[in-house]
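Reproduced below: final27.cif, with mmCIF, C-alpha atoms; chains and numbers go by the auth columns.
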```cif
data_upload
loop_
_atom_site.group_PDB
_atom_site.id
_atom_site.type_symbol
_atom_site.label_atom_id
_atom_site.label_comp_id
_atom_site.label_asym_id
_atom_site.label_seq_id
_atom_site.Cartn_x
_atom_site.Cartn_y
_atom_site.Cartn_z
_atom_site.B_iso_or_equiv
_atom_site.auth_seq_id
_atom_site.auth_asym_id
ATOM 1 C CA MET A 1 18.595 2.730 20.396 0.00 13 A
ATOM 2 C CA ASN A 2 19.130 -0.976 19.921 0.00 14 A
ATOM 3 C CA ASP A 3 21.748 -1.058 17.162 0.00 15 A
ATOM 4 C CA LYS A 4 21.246 -4.699 16.121 0.00 16 A
ATOM 5 C CA ARG A 5 17.467 -4.350 16.002 0.00 17 A
ATOM 6 C CA ASP A 6 17.656 -1.017 14.201 0.00 18 A
ATOM 7 C CA GLU A 7 20.136 -2.413 11.699 0.00 19 A
ATOM 8 C CA ARG A 8 17.859 -5.380 11.018 0.00 20 A
ATOM 9 C CA TRP A 9 14.841 -3.185 10.294 0.00 21 A
ATOM 10 C CA MET A 10 16.776 -0.571 8.320 0.00 22 A
ATOM 11 C CA LYS A 11 18.070 -3.394 6.092 0.00 23 A
ATOM 12 C CA GLU A 12 14.449 -4.340 5.432 0.00 24 A
ATOM 13 C CA ALA A 13 13.652 -0.720 4.540 0.00 25 A
ATOM 14 C CA TYR A 14 16.699 -0.614 2.276 0.00 26 A
ATOM 15 C CA GLU A 15 15.504 -3.779 0.502 0.00 27 A
ATOM 16 C CA GLU A 16 12.232 -1.958 -0.187 0.00 28 A
ATOM 17 C CA GLY A 17 14.263 0.948 -1.578 0.00 29 A
ATOM 18 C CA LEU A 18 16.017 -1.474 -3.933 0.00 30 A
ATOM 19 C CA LYS A 19 12.613 -2.601 -5.215 0.00 31 A
ATOM 20 C CA ALA A 20 11.750 1.034 -5.967 0.00 32 A
ATOM 21 C CA PHE A 21 15.071 1.459 -7.780 0.00 33 A
ATOM 22 C CA ASP A 22 14.418 -1.646 -9.899 0.00 34 A
ATOM 23 C CA GLU A 23 10.994 -0.224 -10.811 0.00 35 A
ATOM 24 C CA GLY A 24 12.462 3.126 -11.883 0.00 36 A
ATOM 25 C CA GLU A 25 11.138 4.921 -8.803 0.00 37 A
ATOM 26 C CA VAL A 26 13.048 7.178 -6.415 0.00 38 A
ATOM 27 C CA PRO A 27 14.636 4.474 -4.231 0.00 39 A
ATOM 28 C CA VAL A 28 12.996 5.085 -0.866 0.00 40 A
ATOM 29 C CA GLY A 29 11.862 2.173 1.268 0.00 41 A
ATOM 30 C CA ALA A 30 10.033 1.883 4.565 0.00 42 A
ATOM 31 C CA VAL A 31 8.910 -0.721 7.074 0.00 43 A
ATOM 32 C CA ILE A 32 6.710 -0.370 10.134 0.00 44 A
ATOM 33 C CA VAL A 33 7.524 -2.572 13.102 0.00 45 A
ATOM 34 C CA LYS A 34 5.422 -3.359 16.155 0.00 46 A
ATOM 35 C CA ASP A 35 6.273 -5.928 18.821 0.00 47 A
ATOM 36 C CA ASP A 36 9.399 -6.889 16.862 0.00 48 A
ATOM 37 C CA THR A 37 7.382 -7.807 13.763 0.00 49 A
ATOM 38 C CA ILE A 38 7.004 -6.003 10.448 0.00 50 A
ATOM 39 C CA ILE A 39 3.353 -5.018 10.102 0.00 51 A
ATOM 40 C CA GLY A 40 3.723 -2.874 6.980 0.00 52 A
ATOM 41 C CA ARG A 41 6.215 -2.281 4.224 0.00 53 A
ATOM 42 C CA GLY A 42 6.378 -0.039 1.219 0.00 54 A
ATOM 43 C CA HIS A 43 8.526 1.597 -1.408 0.00 55 A
ATOM 44 C CA ASN A 44 7.946 4.566 -3.647 0.00 56 A
ATOM 45 C CA ARG A 45 5.396 3.884 -6.392 0.00 57 A
ATOM 46 C CA VAL A 46 4.612 7.429 -7.519 0.00 58 A
ATOM 47 C CA GLU A 47 5.456 6.790 -11.176 0.00 59 A
ATOM 48 C CA SER A 48 3.911 3.345 -11.517 0.00 60 A
ATOM 49 C CA LEU A 49 0.662 4.317 -9.791 0.00 61 A
ATOM 50 C CA LYS A 50 0.622 7.852 -11.267 0.00 62 A
ATOM 51 C CA ASP A 51 -0.084 9.025 -7.717 0.00 63 A
ATOM 52 C CA PRO A 52 1.897 11.784 -5.975 0.00 64 A
ATOM 53 C CA THR A 53 0.891 10.361 -2.583 0.00 65 A
ATOM 54 C CA ALA A 54 2.364 6.894 -3.277 0.00 66 A
ATOM 55 C CA HIS A 55 5.429 7.461 -1.115 0.00 67 A
ATOM 56 C CA ALA A 56 7.072 4.548 0.703 0.00 68 A
ATOM 57 C CA GLU A 57 5.873 5.792 4.092 0.00 69 A
ATOM 58 C CA ILE A 58 2.240 6.191 2.990 0.00 70 A
ATOM 59 C CA ILE A 59 2.188 2.718 1.439 0.00 71 A
ATOM 60 C CA ALA A 60 3.780 1.199 4.572 0.00 72 A
ATOM 61 C CA ILE A 61 1.284 3.017 6.819 0.00 73 A
ATOM 62 C CA SER A 62 -1.661 1.740 4.752 0.00 74 A
ATOM 63 C CA ALA A 63 -0.287 -1.803 4.867 0.00 75 A
ATOM 64 C CA ALA A 64 0.256 -1.606 8.637 0.00 76 A
ATOM 65 C CA CYS A 65 -3.277 -0.284 9.192 0.00 77 A
ATOM 66 C CA ASN A 66 -4.640 -3.159 7.107 0.00 78 A
ATOM 67 C CA THR A 67 -2.568 -5.656 9.109 0.00 79 A
ATOM 68 C CA LEU A 68 -3.860 -4.342 12.433 0.00 80 A
ATOM 69 C CA GLY A 69 -7.369 -3.523 11.236 0.00 81 A
ATOM 70 C CA ASN A 70 -6.952 -0.089 12.825 0.00 82 A
ATOM 71 C CA TRP A 71 -5.775 3.333 11.658 0.00 83 A
ATOM 72 C CA ARG A 72 -3.995 3.886 14.964 0.00 84 A
ATOM 73 C CA LEU A 73 -0.464 2.499 14.906 0.00 85 A
ATOM 74 C CA ASN A 74 0.322 3.214 18.564 0.00 86 A
ATOM 75 C CA GLY A 75 3.522 1.580 19.760 0.00 87 A
ATOM 76 C CA SER A 76 4.914 1.147 16.249 0.00 88 A
ATOM 77 C CA MET A 77 8.179 2.314 14.739 0.00 89 A
ATOM 78 C CA LEU A 78 8.759 3.448 11.171 0.00 90 A
ATOM 79 C CA TYR A 79 12.126 2.724 9.569 0.00 91 A
ATOM 80 C CA VAL A 80 12.615 4.691 6.374 0.00 92 A
ATOM 81 C CA THR A 81 15.718 5.134 4.263 0.00 93 A
ATOM 82 C CA VAL A 82 15.212 8.868 3.661 0.00 94 A
ATOM 83 C CA GLU A 83 13.838 11.639 5.891 0.00 95 A
ATOM 84 C CA PRO A 84 10.070 11.930 5.359 0.00 96 A
ATOM 85 C CA CYS A 85 8.498 14.861 3.529 0.00 97 A
ATOM 86 C CA LEU A 86 5.786 17.057 5.027 0.00 98 A
ATOM 87 C CA MET A 87 2.953 14.949 3.565 0.00 99 A
ATOM 88 C CA CYS A 88 4.420 11.789 5.061 0.00 100 A
ATOM 89 C CA GLY A 89 5.146 13.579 8.319 0.00 101 A
ATOM 90 C CA GLY A 90 1.456 14.446 8.575 0.00 102 A
ATOM 91 C CA ALA A 91 0.473 10.834 7.927 0.00 103 A
ATOM 92 C CA ILE A 92 2.970 9.687 10.564 0.00 104 A
ATOM 93 C CA PHE A 93 1.367 11.989 13.149 0.00 105 A
ATOM 94 C CA HIS A 94 -2.185 11.042 12.160 0.00 106 A
ATOM 95 C CA SER A 95 -1.464 7.314 12.358 0.00 107 A
ATOM 96 C CA ARG A 96 0.037 7.693 15.848 0.00 108 A
ATOM 97 C CA ILE A 97 3.395 6.106 15.007 0.00 109 A
ATOM 98 C CA GLU A 98 5.577 6.309 18.100 0.00 110 A
ATOM 99 C CA LYS A 99 9.032 6.637 16.556 0.00 111 A
ATOM 100 C CA VAL A 100 10.646 7.312 13.182 0.00 112 A
ATOM 101 C CA ILE A 101 14.169 6.215 12.395 0.00 113 A
ATOM 102 C CA TYR A 102 15.544 7.402 9.065 0.00 114 A
ATOM 103 C CA GLY A 103 18.802 6.905 7.225 0.00 115 A
ATOM 104 C CA ILE A 104 19.673 10.110 5.378 0.00 116 A
ATOM 105 C CA LYS A 105 18.454 13.689 5.259 0.00 117 A
ATOM 106 C CA GLU A 106 16.229 14.862 2.408 0.00 118 A
ATOM 107 C CA PRO A 107 17.648 18.232 1.264 0.00 119 A
ATOM 108 C CA LYS A 108 14.609 19.367 -0.752 0.00 120 A
ATOM 109 C CA PHE A 109 11.607 18.122 1.217 0.00 121 A
ATOM 110 C CA GLY A 110 12.772 16.825 4.629 0.00 122 A
ATOM 111 C CA SER A 111 10.212 17.661 7.313 0.00 123 A
ATOM 112 C CA PHE A 112 12.041 16.484 10.424 0.00 124 A
ATOM 113 C CA GLY A 113 14.636 19.223 10.556 0.00 125 A
ATOM 114 C CA THR A 114 16.281 19.579 7.155 0.00 126 A
ATOM 115 C CA VAL A 115 13.885 21.898 5.281 0.00 127 A
ATOM 116 C CA THR A 116 11.232 22.349 7.935 0.00 128 A
ATOM 117 C CA ASN A 117 10.615 20.742 11.311 0.00 129 A
ATOM 118 C CA ILE A 118 7.118 19.448 11.889 0.00 130 A
ATOM 119 C CA LEU A 119 8.217 18.406 15.392 0.00 131 A
ATOM 120 C CA GLU A 120 8.379 22.048 16.470 0.00 132 A
ATOM 121 C CA ASN A 121 4.600 22.384 16.209 0.00 133 A
ATOM 122 C CA ASN A 122 3.195 21.909 19.705 0.00 134 A
ATOM 123 C CA ASN A 123 -0.440 21.907 18.547 0.00 135 A
ATOM 124 C CA PHE A 124 -0.559 18.201 17.753 0.00 136 A
ATOM 125 C CA SER A 125 -2.263 15.881 20.220 0.00 137 A
ATOM 126 C CA HIS A 126 0.359 13.202 19.515 0.00 138 A
ATOM 127 C CA SER A 127 4.136 13.369 19.690 0.00 139 A
ATOM 128 C CA VAL A 128 6.609 11.411 17.594 0.00 140 A
ATOM 129 C CA LYS A 129 10.193 10.581 18.472 0.00 141 A
ATOM 130 C CA VAL A 130 12.550 10.951 15.525 0.00 142 A
ATOM 131 C CA GLU A 131 16.094 9.739 15.114 0.00 143 A
ATOM 132 C CA GLN A 132 18.475 9.926 12.204 0.00 144 A
ATOM 133 C CA THR A 133 20.862 7.002 12.169 0.00 145 A
ATOM 134 C CA ASP A 134 24.059 6.243 10.311 0.00 146 A
ATOM 135 C CA ILE A 135 22.943 2.661 9.703 0.00 147 A
ATOM 136 C CA LEU A 136 23.375 1.928 5.978 0.00 148 A
ATOM 137 C CA LYS A 137 23.977 5.639 5.374 0.00 149 A
ATOM 138 C CA ASP A 138 26.634 4.966 2.724 0.00 150 A
ATOM 139 C CA GLU A 139 24.517 2.360 0.926 0.00 151 A
ATOM 140 C CA ILE A 140 21.421 4.550 0.929 0.00 152 A
ATOM 141 C CA THR A 141 23.375 7.600 -0.261 0.00 153 A
ATOM 142 C CA SER A 142 25.045 5.563 -3.009 0.00 154 A
ATOM 143 C CA LEU A 143 21.707 4.164 -4.204 0.00 155 A
ATOM 144 C CA MET A 144 20.157 7.649 -4.352 0.00 156 A
ATOM 145 C CA LYS A 145 23.155 9.034 -6.274 0.00 157 A
ATOM 146 C CA LYS A 146 23.082 6.108 -8.689 0.00 158 A
ATOM 147 C CA PHE A 147 19.363 6.645 -9.328 0.00 159 A
ATOM 148 C CA PHE A 148 19.604 10.379 -9.989 0.00 160 A
ATOM 149 C CA LYS A 149 22.775 10.020 -12.076 0.00 161 A
ATOM 150 C CA SER A 150 20.989 7.463 -14.243 0.00 162 A
ATOM 151 C CA LYS A 151 17.937 9.712 -14.501 0.00 163 A
ATOM 152 C CA ARG A 152 20.064 12.693 -15.600 0.00 164 A
ATOM 153 C CA ARG A 153 21.872 10.514 -18.154 0.00 165 A
ATOM 154 C CA ARG A 154 18.589 9.229 -19.623 0.00 166 A
ATOM 155 C CA ARG A 155 17.259 12.777 -19.797 0.00 167 A
ATOM 156 C CA ALA A 156 20.415 13.986 -21.577 0.00 168 A
ATOM 157 C CA GLU A 157 20.257 11.086 -24.034 0.00 169 A
ATOM 158 C CA GLY A 158 16.632 11.916 -24.717 0.00 170 A
ATOM 159 C CA PHE A 159 17.525 15.493 -25.585 0.00 171 A
ATOM 160 C CA LYS A 160 20.245 14.304 -28.006 0.00 172 A
ATOM 161 C CA SER A 161 17.823 12.141 -29.970 0.00 173 A
ATOM 162 C CA VAL A 162 15.281 14.926 -30.499 0.00 174 A
#
```

Represent the structure from my file as structure tokens, please.
Amino acid sequence: MNDKRDERWMKEAYEEGLKAFDEGEVPVGAVIVKDDTIIGRGHNRVESLKDPTAHAEIIAISAACNTLGNWRLNGSMLYVTVEPCLMCGGAIFHSRIEKVIYGIKEPKFGSFGTVTNILENNNFSHSVKVEQTDILKDEITSLMKKFFKSKRRRRAEGFKSV
């Protein structure tokens, strides 16, 4: 792991997460890097697009594929603020991403060891390296807590006005 490089790219992913937060989305951000260049970026847009597949990772993968003009993202690395879910894990495998580096575990849907571990399936023709890092862990955790606290408060206020 190259700490300076990883910190640089995780900061970019975190900035994407801030965009999601500002848009009222679960604040997850992702960037895909190849040859020390961002080739795709994304943040959650499930609510705004009314699309359950509009996760940060999926949007970043689509952007990276468009950049390269190829669905194969061999040699690329995905930096994402939160552990990918099973749907995103499948997309990561299918797109041939080489490595995933994520900031915090996802306790309800994490597919790289927290809830399930897609890496334990040896039937895939492609393997993915995965690493959880502590880079920006406190900032990412704080942003997630702030988002869900605000969401619970808005929900409670909505119930009071009914």

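Contact shell of Glu143 of chain A at 12 Å (only C-alpha atoms; same-chain neighbours under 2 positions omitted): Met13, Asp18, Met89, Leu90, Tyr91, Val92, Thr93, Val94, Glu95, Pro96, Glu110, Lys111, Val112, Ile113, Tyr114, Gly115, Ile116, Lys117, Phe124, Gly125, Leu131, Val140, Lys141, Thr145, Asp146 and Ile147 of chain A.
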
Taking the file above as input, evaluate the PyMOL selection byres ((chain A and resi 38) around 9) and report the hits as a JSON list (two decimals) with C-alpha atoms, keeping the file's coordinate frame.
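expr.json written:
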```
[["chain", "number", "residue", "atom", "x", "y", "z"],
["A", 29, "GLY", "CA", 14.26, 0.95, -1.58],
["A", 32, "ALA", "CA", 11.75, 1.03, -5.97],
["A", 33, "PHE", "CA", 15.07, 1.46, -7.78],
["A", 35, "GLU", "CA", 10.99, -0.22, -10.81],
["A", 36, "GLY", "CA", 12.46, 3.13, -11.88],
["A", 37, "GLU", "CA", 11.14, 4.92, -8.80],
["A", 39, "PRO", "CA", 14.64, 4.47, -4.23],
["A", 40, "VAL", "CA", 13.00, 5.08, -0.87],
["A", 55, "HIS", "CA", 8.53, 1.60, -1.41],
["A", 56, "ASN", "CA", 7.95, 4.57, -3.65],
["A", 57, "ARG", "CA", 5.40, 3.88, -6.39],
["A", 58, "VAL", "CA", 4.61, 7.43, -7.52],
["A", 59, "GLU", "CA", 5.46, 6.79, -11.18],
["A", 156, "MET", "CA", 20.16, 7.65, -4.35],
["A", 159, "PHE", "CA", 19.36, 6.64, -9.33],
["A", 160, "PHE", "CA", 19.60, 10.38, -9.99]]
```

Within 10 Å of segment 81-87 of chain A, which residues of segment 97-128 of chain A come that close, and what is the closest atom pair and distance in Å for each? Count only C-alpha atoms and give it as a Markdown table.
```
| residue | atom | partner | partner_atom | distance |
| --- | --- | --- | --- | --- |
| A:Ile104 | CA | A:Leu85 | CA | 9.1 |
| A:Phe105 | CA | A:Leu85 | CA | 9.8 |
| A:His106 | CA | A:Arg84 | CA | 7.9 |
| A:Ser107 | CA | A:Arg84 | CA | 5.0 |
| A:Arg108 | CA | A:Asn86 | CA | 5.2 |
| A:Ile109 | CA | A:Leu85 | CA | 5.3 |
| A:Glu110 | CA | A:Gly87 | CA | 5.4 |
| A:Lys111 | CA | A:Gly87 | CA | 8.1 |
```

Restricting the output to C-alpha atoms, write the selected residues as an mmCIF file, in the coordinates of the input.
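out-v5.cif, freshly written:
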```
data_model
loop_
_atom_site.group_PDB
_atom_site.id
_atom_site.type_symbol
_atom_site.label_atom_id
_atom_site.label_comp_id
_atom_site.auth_asym_id
_atom_site.auth_seq_id
_atom_site.Cartn_x
_atom_site.Cartn_y
_atom_site.Cartn_z
ATOM 1 C CA ILE A 104 2.970 9.687 10.564
ATOM 2 C CA PHE A 105 1.367 11.989 13.149
ATOM 3 C CA HIS A 106 -2.185 11.042 12.160
ATOM 4 C CA SER A 107 -1.464 7.314 12.358
ATOM 5 C CA ARG A 108 0.037 7.693 15.848
ATOM 6 C CA ILE A 109 3.395 6.106 15.007
ATOM 7 C CA GLU A 110 5.577 6.309 18.100
ATOM 8 C CA LYS A 111 9.032 6.637 16.556
#
```

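Taking only C-alpha atoms into account, Tyr26 of chain A lies nearest to A:Ala68 out of the set A:Cys97, A:Val45, A:Leu80, A:Ala68.
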
### Message
Would you compute the distance between atom CA of Thr126 of chain A and atom CA of Gln144 of chain A? Give it in Å to one decimal.
### Response
11.1 Å

### Query
Expanded to explicit residues, what is the PyMOL selection byres ((chain A and resi 71) around 12) for this file, as a VMD selection string?
chain A and resid 28 40 to 44 51 to 58 61 63 to 70 72 to 78 90 92 100 103 to 104

Only C-alpha atoms, please: the residues just picked out, written as a short mmCIF file (atom, residue, chain, number, x, y, z; two decimals), in the frame of the given file.
```cif
data_model
loop_
_atom_site.label_atom_id
_atom_site.label_comp_id
_atom_site.auth_asym_id
_atom_site.auth_seq_id
_atom_site.Cartn_x
_atom_site.Cartn_y
_atom_site.Cartn_z
CA GLU A 28 12.23 -1.96 -0.19
CA VAL A 40 13.00 5.08 -0.87
CA GLY A 41 11.86 2.17 1.27
CA ALA A 42 10.03 1.88 4.57
CA VAL A 43 8.91 -0.72 7.07
CA ILE A 44 6.71 -0.37 10.13
CA ILE A 51 3.35 -5.02 10.10
CA GLY A 52 3.72 -2.87 6.98
CA ARG A 53 6.22 -2.28 4.22
CA GLY A 54 6.38 -0.04 1.22
CA HIS A 55 8.53 1.60 -1.41
CA ASN A 56 7.95 4.57 -3.65
CA ARG A 57 5.40 3.88 -6.39
CA VAL A 58 4.61 7.43 -7.52
CA LEU A 61 0.66 4.32 -9.79
CA ASP A 63 -0.08 9.02 -7.72
CA PRO A 64 1.90 11.78 -5.98
CA THR A 65 0.89 10.36 -2.58
CA ALA A 66 2.36 6.89 -3.28
CA HIS A 67 5.43 7.46 -1.12
CA ALA A 68 7.07 4.55 0.70
CA GLU A 69 5.87 5.79 4.09
CA ILE A 70 2.24 6.19 2.99
CA ALA A 72 3.78 1.20 4.57
CA ILE A 73 1.28 3.02 6.82
CA SER A 74 -1.66 1.74 4.75
CA ALA A 75 -0.29 -1.80 4.87
CA ALA A 76 0.26 -1.61 8.64
CA CYS A 77 -3.28 -0.28 9.19
CA ASN A 78 -4.64 -3.16 7.11
CA LEU A 90 8.76 3.45 11.17
CA VAL A 92 12.62 4.69 6.37
CA CYS A 100 4.42 11.79 5.06
CA ALA A 103 0.47 10.83 7.93
CA ILE A 104 2.97 9.69 10.56
#
```

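Atom CA of Ile50 of chain A to atom CA of Gly101 of chain A spans 19.8 Å [interatomic distance, one decimal].
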
Would you compute an axis-aligned box for segment 25-36 of chain A, covering every atom listed for it in the file with 4 Å of margin on each side, and report centre and edge lengths in Å to one decimal as JSON?
```
{"center_x": 13.8, "center_y": -0.3, "center_z": -3.7, "size_x": 13.7, "size_y": 14.9, "size_z": 24.4}
```

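Note that atom CA of Leu98 of chain A and atom CA of Glu118 of chain A are 11.0 Å apart.
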
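Minimum distance to His138 of chain A across A:Gly102, A:Asp47, A:Lys23, A:Pro119 (counting all atoms listed in the file) occurs at A:Gly102.
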
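Closest approach to Trp21 of chain A from the set A:Ile130, A:Leu148, A:Met99, A:Ser60 is made by A:Leu148, with distances taken over all atoms listed in the file.
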
### Task
Name the closest residue to Arg17 of chain A among the candidates A:Lys157, A:Asp48, A:Ser139, A:Thr79; distances are taken between atoms, counting only C-alpha atoms.
A:Asp48

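Closest to Glu151 of chain A among A:Asp15, A:Glu27, A:Ser88, A:Arg166 is A:Glu27, based on only C-alpha atoms.
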